[in-house]
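Structure file start-v6.cif with mmCIF, C-alpha atoms:
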data_query
loop_
_atom_site.label_atom_id
_atom_site.label_comp_id
_atom_site.auth_asym_id
_atom_site.auth_seq_id
_atom_site.Cartn_x
_atom_site.Cartn_y
_atom_site.Cartn_z
CA MET B 1 106.44 112.92 78.92
CA ILE B 2 107.62 109.35 79.52
CA GLU B 3 105.61 107.68 82.26
CA GLY B 4 107.82 106.78 85.19
CA ASP B 5 110.68 109.10 84.17
CA LYS B 6 111.19 110.82 87.53
CA LYS B 7 113.98 113.09 86.28
CA GLU B 8 111.68 115.06 83.97
CA ILE B 9 108.76 115.73 86.28
CA HIS B 10 108.73 119.14 87.92
CA LEU B 11 105.29 119.09 89.54
CA SER B 12 103.10 116.29 90.88
CA ILE B 13 99.47 117.16 91.59
CA VAL B 14 97.70 114.74 93.93
CA VAL B 15 93.89 114.72 93.99
CA PRO B 16 92.10 112.55 96.59
CA VAL B 17 88.59 111.61 95.48
CA TYR B 18 85.56 109.87 96.93
CA ASN B 19 82.28 109.66 94.99
CA GLU B 20 83.25 112.56 92.73
CA GLU B 21 81.87 111.34 89.40
CA LYS B 22 80.22 114.71 88.72
CA ARG B 23 83.31 116.81 89.43
CA ILE B 24 86.43 114.80 88.67
CA GLY B 25 86.23 115.21 84.88
CA PHE B 26 86.11 119.00 85.13
CA ALA B 27 88.91 118.98 87.71
CA VAL B 28 91.19 116.85 85.53
CA LYS B 29 90.58 119.08 82.50
CA ASP B 30 91.37 122.21 84.55
CA ILE B 31 94.58 120.67 85.89
CA LEU B 32 95.64 119.47 82.44
CA ALA B 33 95.04 122.97 81.06
CA TYR B 34 97.13 124.45 83.87
CA LEU B 35 100.02 122.06 83.19
CA GLU B 36 99.86 122.75 79.45
CA ASN B 37 100.01 126.52 80.01
CA SER B 38 102.69 126.35 82.71
CA GLY B 39 105.50 125.31 80.40
CA PHE B 40 106.88 122.57 82.66
CA VAL B 41 106.34 118.84 82.86
CA GLY B 42 103.87 117.57 85.45
CA GLU B 43 101.88 114.55 86.49
CA ILE B 44 98.41 114.10 87.94
CA ILE B 45 97.85 111.38 90.54
CA ILE B 46 94.20 110.65 91.27
CA VAL B 47 93.70 108.59 94.43
CA ASP B 48 90.25 107.03 94.56
CA ASP B 49 89.28 106.35 98.16
CA GLY B 50 86.87 103.47 97.58
CA SER B 51 84.26 105.37 95.54
CA ARG B 52 80.96 103.61 94.96
CA ASP B 53 80.03 105.59 91.87
CA GLU B 54 81.77 106.06 88.50
CA THR B 55 84.54 108.38 89.72
CA VAL B 56 87.33 106.16 88.39
CA LEU B 57 85.65 105.74 85.01
CA GLU B 58 85.17 109.50 84.65
CA ALA B 59 88.78 110.17 85.65
CA ARG B 60 90.01 107.68 83.08
CA ARG B 61 87.87 109.28 80.41
CA ALA B 62 89.23 112.73 81.22
CA MET B 63 92.84 111.50 81.03
CA ALA B 64 92.35 109.08 78.13
CA SER B 65 94.43 111.05 75.62
CA GLU B 66 97.14 112.01 78.10
CA ALA B 67 100.22 109.93 78.98
CA GLY B 68 102.11 109.90 82.25
CA HIS B 69 99.22 110.38 84.69
CA ARG B 70 98.01 107.80 87.18
CA ILE B 71 94.99 106.62 89.12
CA ILE B 72 95.44 104.77 92.41
CA VAL B 73 92.33 102.87 93.48
CA PHE B 74 91.53 101.76 97.02
CA PRO B 75 89.06 98.85 97.15
CA GLU B 76 87.44 100.39 100.23
CA ASN B 77 87.19 103.80 101.88
CA LYS B 78 90.21 104.55 104.07
CA GLY B 79 89.97 108.31 104.60
CA LYS B 80 91.22 111.46 102.93
CA GLY B 81 94.46 111.50 104.91
CA ARG B 82 95.36 108.00 103.75
CA ALA B 83 94.52 108.87 100.15
CA VAL B 84 96.70 112.00 100.16
CA LYS B 85 99.55 110.12 101.83
CA GLU B 86 99.54 107.31 99.26
CA GLY B 87 99.40 109.80 96.39
CA ILE B 88 102.29 111.85 97.69
CA LEU B 89 104.47 108.83 98.44
CA ALA B 90 103.82 107.62 94.88
CA SER B 91 104.66 110.99 93.32
CA SER B 92 107.75 111.75 91.24
CA GLY B 93 107.86 115.54 91.02
CA ASP B 94 110.43 117.93 92.41
CA CYS B 95 107.44 119.73 93.94
CA VAL B 96 104.16 118.16 95.09
CA ILE B 97 100.79 119.85 95.51
CA PHE B 98 97.61 118.26 96.77
CA THR B 99 94.23 119.78 96.04
CA ASP B 100 90.59 118.83 96.48
CA ALA B 101 88.62 117.57 93.50
CA ASP B 102 86.18 120.49 93.72
CA LEU B 103 89.05 122.95 93.09
CA SER B 104 87.59 125.33 95.66
CA THR B 105 91.00 126.97 95.47
CA PRO B 106 91.68 127.53 91.73
CA MET B 107 94.53 125.67 90.13
CA ASN B 108 96.44 128.81 89.17
CA THR B 109 97.21 129.21 92.90
CA ALA B 110 100.00 126.75 92.11
CA ASP B 111 101.94 129.64 90.52
CA THR B 112 102.22 131.37 93.89
CA VAL B 113 103.00 128.11 95.69
CA LEU B 114 105.79 127.22 93.28
CA LYS B 115 107.23 130.72 93.46
CA HIS B 116 107.62 130.50 97.24
CA LEU B 117 108.99 126.96 97.05
CA SER B 118 111.60 128.15 94.55
CA GLU B 119 112.52 131.01 96.89
CA GLY B 120 113.29 128.77 99.86
CA SER B 121 110.06 127.67 101.53
CA ASP B 122 109.71 123.92 102.07
CA ILE B 123 105.93 123.94 102.53
CA VAL B 124 103.36 126.45 101.30
CA ILE B 125 99.77 126.23 102.53
CA GLY B 126 96.67 128.04 101.39
CA SER B 127 94.85 129.96 104.12
CA ARG B 128 91.35 131.40 103.99
CA ALA B 129 91.99 133.26 107.25
CA LEU B 130 94.79 135.55 106.05
CA LYS B 131 94.34 139.15 105.02
CA GLY B 132 94.17 139.23 101.26
CA SER B 133 92.14 136.03 100.91
CA GLU B 134 89.03 136.32 98.80
CA ILE B 135 86.08 134.14 99.83
CA ARG B 136 83.79 134.35 96.81
CA ILE B 137 81.25 131.76 97.95
CA ARG B 138 80.98 131.18 101.69
CA GLN B 139 80.13 127.95 103.44
CA PRO B 140 76.72 127.61 105.11
CA PHE B 141 76.62 129.47 108.45
CA VAL B 142 76.69 126.37 110.67
CA ARG B 143 79.51 124.66 108.77
CA GLU B 144 81.61 127.83 108.68
CA ASN B 145 81.28 128.33 112.43
CA LEU B 146 82.01 124.68 113.17
CA GLY B 147 85.21 125.22 111.21
CA ARG B 148 86.12 128.17 113.41
CA VAL B 149 85.46 126.12 116.53
CA PHE B 150 87.68 123.37 115.11
CA ASN B 151 90.52 125.85 114.59
CA VAL B 152 90.18 127.06 118.18
CA ILE B 153 90.36 123.46 119.44
CA VAL B 154 93.43 122.79 117.29
CA HIS B 155 95.17 125.84 118.74
CA LEU B 156 94.28 124.83 122.30
CA MET B 157 95.53 121.27 121.80
CA PHE B 158 98.59 121.85 119.62
CA GLY B 159 99.45 125.51 120.02
CA GLU B 160 99.29 128.19 117.35
CA ILE B 161 100.11 125.99 114.39
CA TYR B 162 98.64 128.05 111.56
CA ARG B 163 95.58 130.22 110.95
CA ASP B 164 93.86 127.73 108.66
CA THR B 165 94.97 124.11 108.83
CA GLN B 166 92.14 122.71 106.71
CA CYS B 167 92.34 124.56 103.39
CA GLY B 168 92.70 121.82 100.79
CA PHE B 169 95.59 123.30 98.81
CA LYS B 170 99.13 122.64 100.04
CA GLY B 171 102.49 122.41 98.29
CA PHE B 172 105.80 120.82 99.28
CA ARG B 173 109.34 120.42 98.12
CA ARG B 174 109.80 116.74 97.36
CA GLY B 175 112.16 116.01 100.26
CA ALA B 176 109.84 117.64 102.80
CA ALA B 177 106.78 115.86 101.38
CA LEU B 178 108.32 112.40 101.62
CA ASP B 179 109.87 113.06 105.03
CA ILE B 180 106.59 114.26 106.54
CA PHE B 181 104.08 111.92 104.92
CA SER B 182 106.17 108.85 105.71
CA ARG B 183 105.39 109.67 109.37
CA VAL B 184 101.74 110.72 109.08
CA GLU B 185 99.26 108.17 110.48
CA THR B 186 96.00 110.16 110.67
CA GLU B 187 93.76 108.73 107.95
CA GLY B 188 90.75 111.05 108.16
CA PHE B 189 90.09 114.74 107.55
CA ALA B 190 92.23 115.87 110.52
CA PHE B 191 95.41 114.67 108.80
CA ASP B 192 96.36 118.27 107.85
CA VAL B 193 97.00 119.03 111.51
CA GLU B 194 99.47 116.17 111.80
CA VAL B 195 101.17 117.18 108.55
CA LEU B 196 101.75 120.72 109.82
CA TRP B 197 102.79 119.52 113.27
CA TRP B 198 105.49 117.31 111.72
CA GLY B 199 106.52 120.08 109.38
CA ARG B 200 107.12 122.40 112.30
CA LYS B 201 108.78 119.75 114.48
CA LEU B 202 111.16 118.72 111.72
CA GLY B 203 112.21 122.32 111.17
CA TYR B 204 110.84 122.89 107.70
CA ARG B 205 110.16 126.42 106.49
CA ILE B 206 106.39 126.80 106.20
CA MET B 207 104.59 129.72 104.59
CA GLU B 208 100.88 130.56 104.61
CA ILE B 209 99.48 132.37 101.61
CA PRO B 210 96.07 134.01 101.06
CA VAL B 211 93.84 132.29 98.52
CA VAL B 212 90.76 132.76 96.43
CA TRP B 213 88.20 130.25 97.66
CA CYS B 214 84.69 129.20 96.67
CA ASP B 215 82.60 126.77 98.67
CA SER B 216 81.58 123.81 96.55
CA ARG B 217 78.61 121.73 97.61
CA PRO B 218 77.88 119.12 98.69
CA SER B 219 80.76 118.71 101.12
CA ARG B 220 82.23 115.22 101.53
CA LEU B 221 82.50 115.82 105.29
CA PRO B 222 79.21 115.05 107.10
CA LEU B 223 78.28 118.09 109.17
CA PHE B 224 78.02 116.76 112.72
CA GLY B 225 79.14 113.15 112.40
CA GLY B 226 82.23 114.28 110.52
CA SER B 227 83.01 116.93 113.13
CA ILE B 228 82.83 114.38 115.94
CA LYS B 229 85.09 112.02 113.99
CA MET B 230 87.63 114.80 113.47
CA LEU B 231 87.65 115.58 117.19
CA ARG B 232 88.33 111.93 117.94
CA GLU B 233 91.18 112.00 115.44
CA LEU B 234 92.61 115.07 117.16
CA MET B 235 92.51 113.35 120.55
CA ARG B 236 94.27 110.26 119.17
CA LEU B 237 96.81 112.51 117.46
CA LYS B 238 97.44 114.40 120.71
CA VAL B 239 98.24 111.13 122.49
CA LYS B 240 100.55 110.02 119.69
CA LEU B 241 102.41 113.31 119.43
CA ARG B 242 102.87 113.56 123.16
CA ARG B 243 105.06 110.46 122.90
CA THR B 244 107.19 111.99 120.15
CA ARG B 245 107.40 115.55 121.48
CA LYS B 246 110.68 114.99 123.30
CA GLU B 247 112.31 112.84 120.64
CA SER B 248 115.24 114.19 118.68
CA LEU B 249 114.40 113.54 115.03
CA PRO B 250 116.68 114.10 112.05
CA CYS B 251 115.36 116.35 109.32
CA ASN B 252 116.06 114.98 105.86
CA LYS B 253 115.97 118.13 103.73
CA ASN B 254 116.58 117.12 100.14
#
How would this structure read if it were set down as C-alpha cells?
Amino acid sequence: MIEGDKKEIHLSIVVPVYNEEKRIGFAVKDILAYLENSGFVGEIIIVDDGSRDETVLEARRAMASEAGHRIIVFPENKGKGRAVKEGILASSGDCVIFTDADLSTPMNTADTVLKHLSEGSDIVIGSRALKGSEIRIRQPFVRENLGRVFNVIVHLMFGEIYRDTQCGFKGFRRGAALDIFSRVETEGFAFDVEVLWWGRKLGYRIMEIPVVWCDSRPSRLPLFGGSIKMLRELMRLKVKLRRTRKESLPCNKN
C-alpha cells in the first residue's frame, strides 16, 4: 500500500484511544491480522485523545513494520466523540468502521458490516440488544442497568432511534460518514446519539446487526460522573437538534 493513495484503500478502521497502553498493541495486531486475511487494502487510524501514558508509543511499536497506517495525537483530552470525528474525517477508505480499542466486539464483525454496506445500507451499527446477539461477558450489574436507563432516556428525548446506540462498532459508506461527521458537534461519549440522529434525518439507510460482545474492564467511562456528563451532553444535543429539526437539509450520498 502507498500511504496517502486514496484510490486503493477499501476500508479505514478508526480506533479512538485514551490511556490504552495495555490494550492498544493487541488491538493493532488483531486489526492488522484481519486486514491481511481479508484480501483487500485497508488503513488503521489511531486517534490518541490526550493519553497520559505510553499509548502512542505502544501503537507505534505495533505498527512499526507496517506502512500506510496513521496515528493522530491530541495534546489534550477532548472526548471520544471528537476523536472519532477527527479520525473519520481523515480517513481515505471507501468504507469506514470505528471500533473501541478493547475490541469488545471482535474485528471479524467487519465482514458482516461490509456485506450489508455492499448490499445497499449506508450505515451498519452493532447492537447488543437485538435477538441473535451473544453477550459472552456481561458488564457489572450497576453499569449494565445504567446503560438501560440511558437508552430509555434517549428514546424519550429523541424518539425510537435504535435499540442500542452505544455499541462501539459502527460502519459507514464513505459519503455518509463524511456527510454526518462534518455536522457532529458532541465531543463526549453521547456522540453516537447525534451520529444516528443525523443519519436518520439525512435519509441514510441504517441497519442494526446483532453482535458478539465481551465486556472489557476497566471501562474508560466513569460510572456515575460519566453518566451525569452524558446526560448533560444529551440535553445540549436536544437543544441543538431542536433548532435543526425543521430545516431542509440536502443529503450528499456519494
- Task: Select, counting all atoms listed in the file, all protein, DNA and RNA residues no farther than 12 Å from (95.9, 128.6, 93.0) in file coordinates, and express the selection as an MDAnalysis selection string.
- Result: chainID B and resid 30:31 34 97:100 103:115 124:127 133:134 167:171 209:214
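Rounded to one decimal, CA of Leu32 in chain B and CA of Val15 in chain B lie 12.6 Å from each other.
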- For Phe150 in chain B, the closest of B:Phe189, B:Tyr18, B:Trp198, B:Tyr204 counting all atoms listed in the file is B:Phe189
Quick one: apply the PyMOL selection byres ((chain B and resi 40) around 12) to the file and drop the selected residues here as a short mmCIF file (atom, residue, chain, number, x, y, z; two decimals) with C-alpha atoms, keeping the file's coordinate frame.
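What follows is the written file selection.cif:
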data_model
loop_
_atom_site.label_atom_id
_atom_site.label_comp_id
_atom_site.auth_asym_id
_atom_site.auth_seq_id
_atom_site.Cartn_x
_atom_site.Cartn_y
_atom_site.Cartn_z
CA MET B 1 106.44 112.92 78.92
CA GLU B 8 111.68 115.06 83.97
CA ILE B 9 108.76 115.73 86.28
CA HIS B 10 108.73 119.14 87.92
CA LEU B 11 105.29 119.09 89.54
CA SER B 12 103.10 116.29 90.88
CA LEU B 32 95.64 119.47 82.44
CA ALA B 33 95.04 122.97 81.06
CA TYR B 34 97.13 124.45 83.87
CA LEU B 35 100.02 122.06 83.19
CA GLU B 36 99.86 122.75 79.45
CA ASN B 37 100.01 126.52 80.01
CA SER B 38 102.69 126.35 82.71
CA GLY B 39 105.50 125.31 80.40
CA VAL B 41 106.34 118.84 82.86
CA GLY B 42 103.87 117.57 85.45
CA GLU B 43 101.88 114.55 86.49
CA GLY B 93 107.86 115.54 91.02
CA ASP B 94 110.43 117.93 92.41
CA CYS B 95 107.44 119.73 93.94
CA ASP B 111 101.94 129.64 90.52
CA LEU B 114 105.79 127.22 93.28
#
- Using all atoms listed in the file, what residues lie at most 8 Å away from (89.3, 132.8, 108.6) (file coordinates), given as an MDAnalysis selection string? chainID B and resid 127:130 148 163:164
- Proximity to Phe74 in chain B - best of B:Val28, B:Ile46, B:Val142, B:Ile88, all atoms listed in the file: B:Ile46
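If all atoms listed in the file are the atoms counted, then among B:Gly68, B:Gly199, B:Gly87, B:Gly132 the closest residue to Tyr162 in chain B is B:Gly199.
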- Query: Which residues come within 10 Å of Asn77 in chain B, counting only C-alpha atoms, excluding same-chain residues fewer than 4 positions away, as a ChimeraX atom specification?
  - Reply: /B:18,48-52,73,82-83
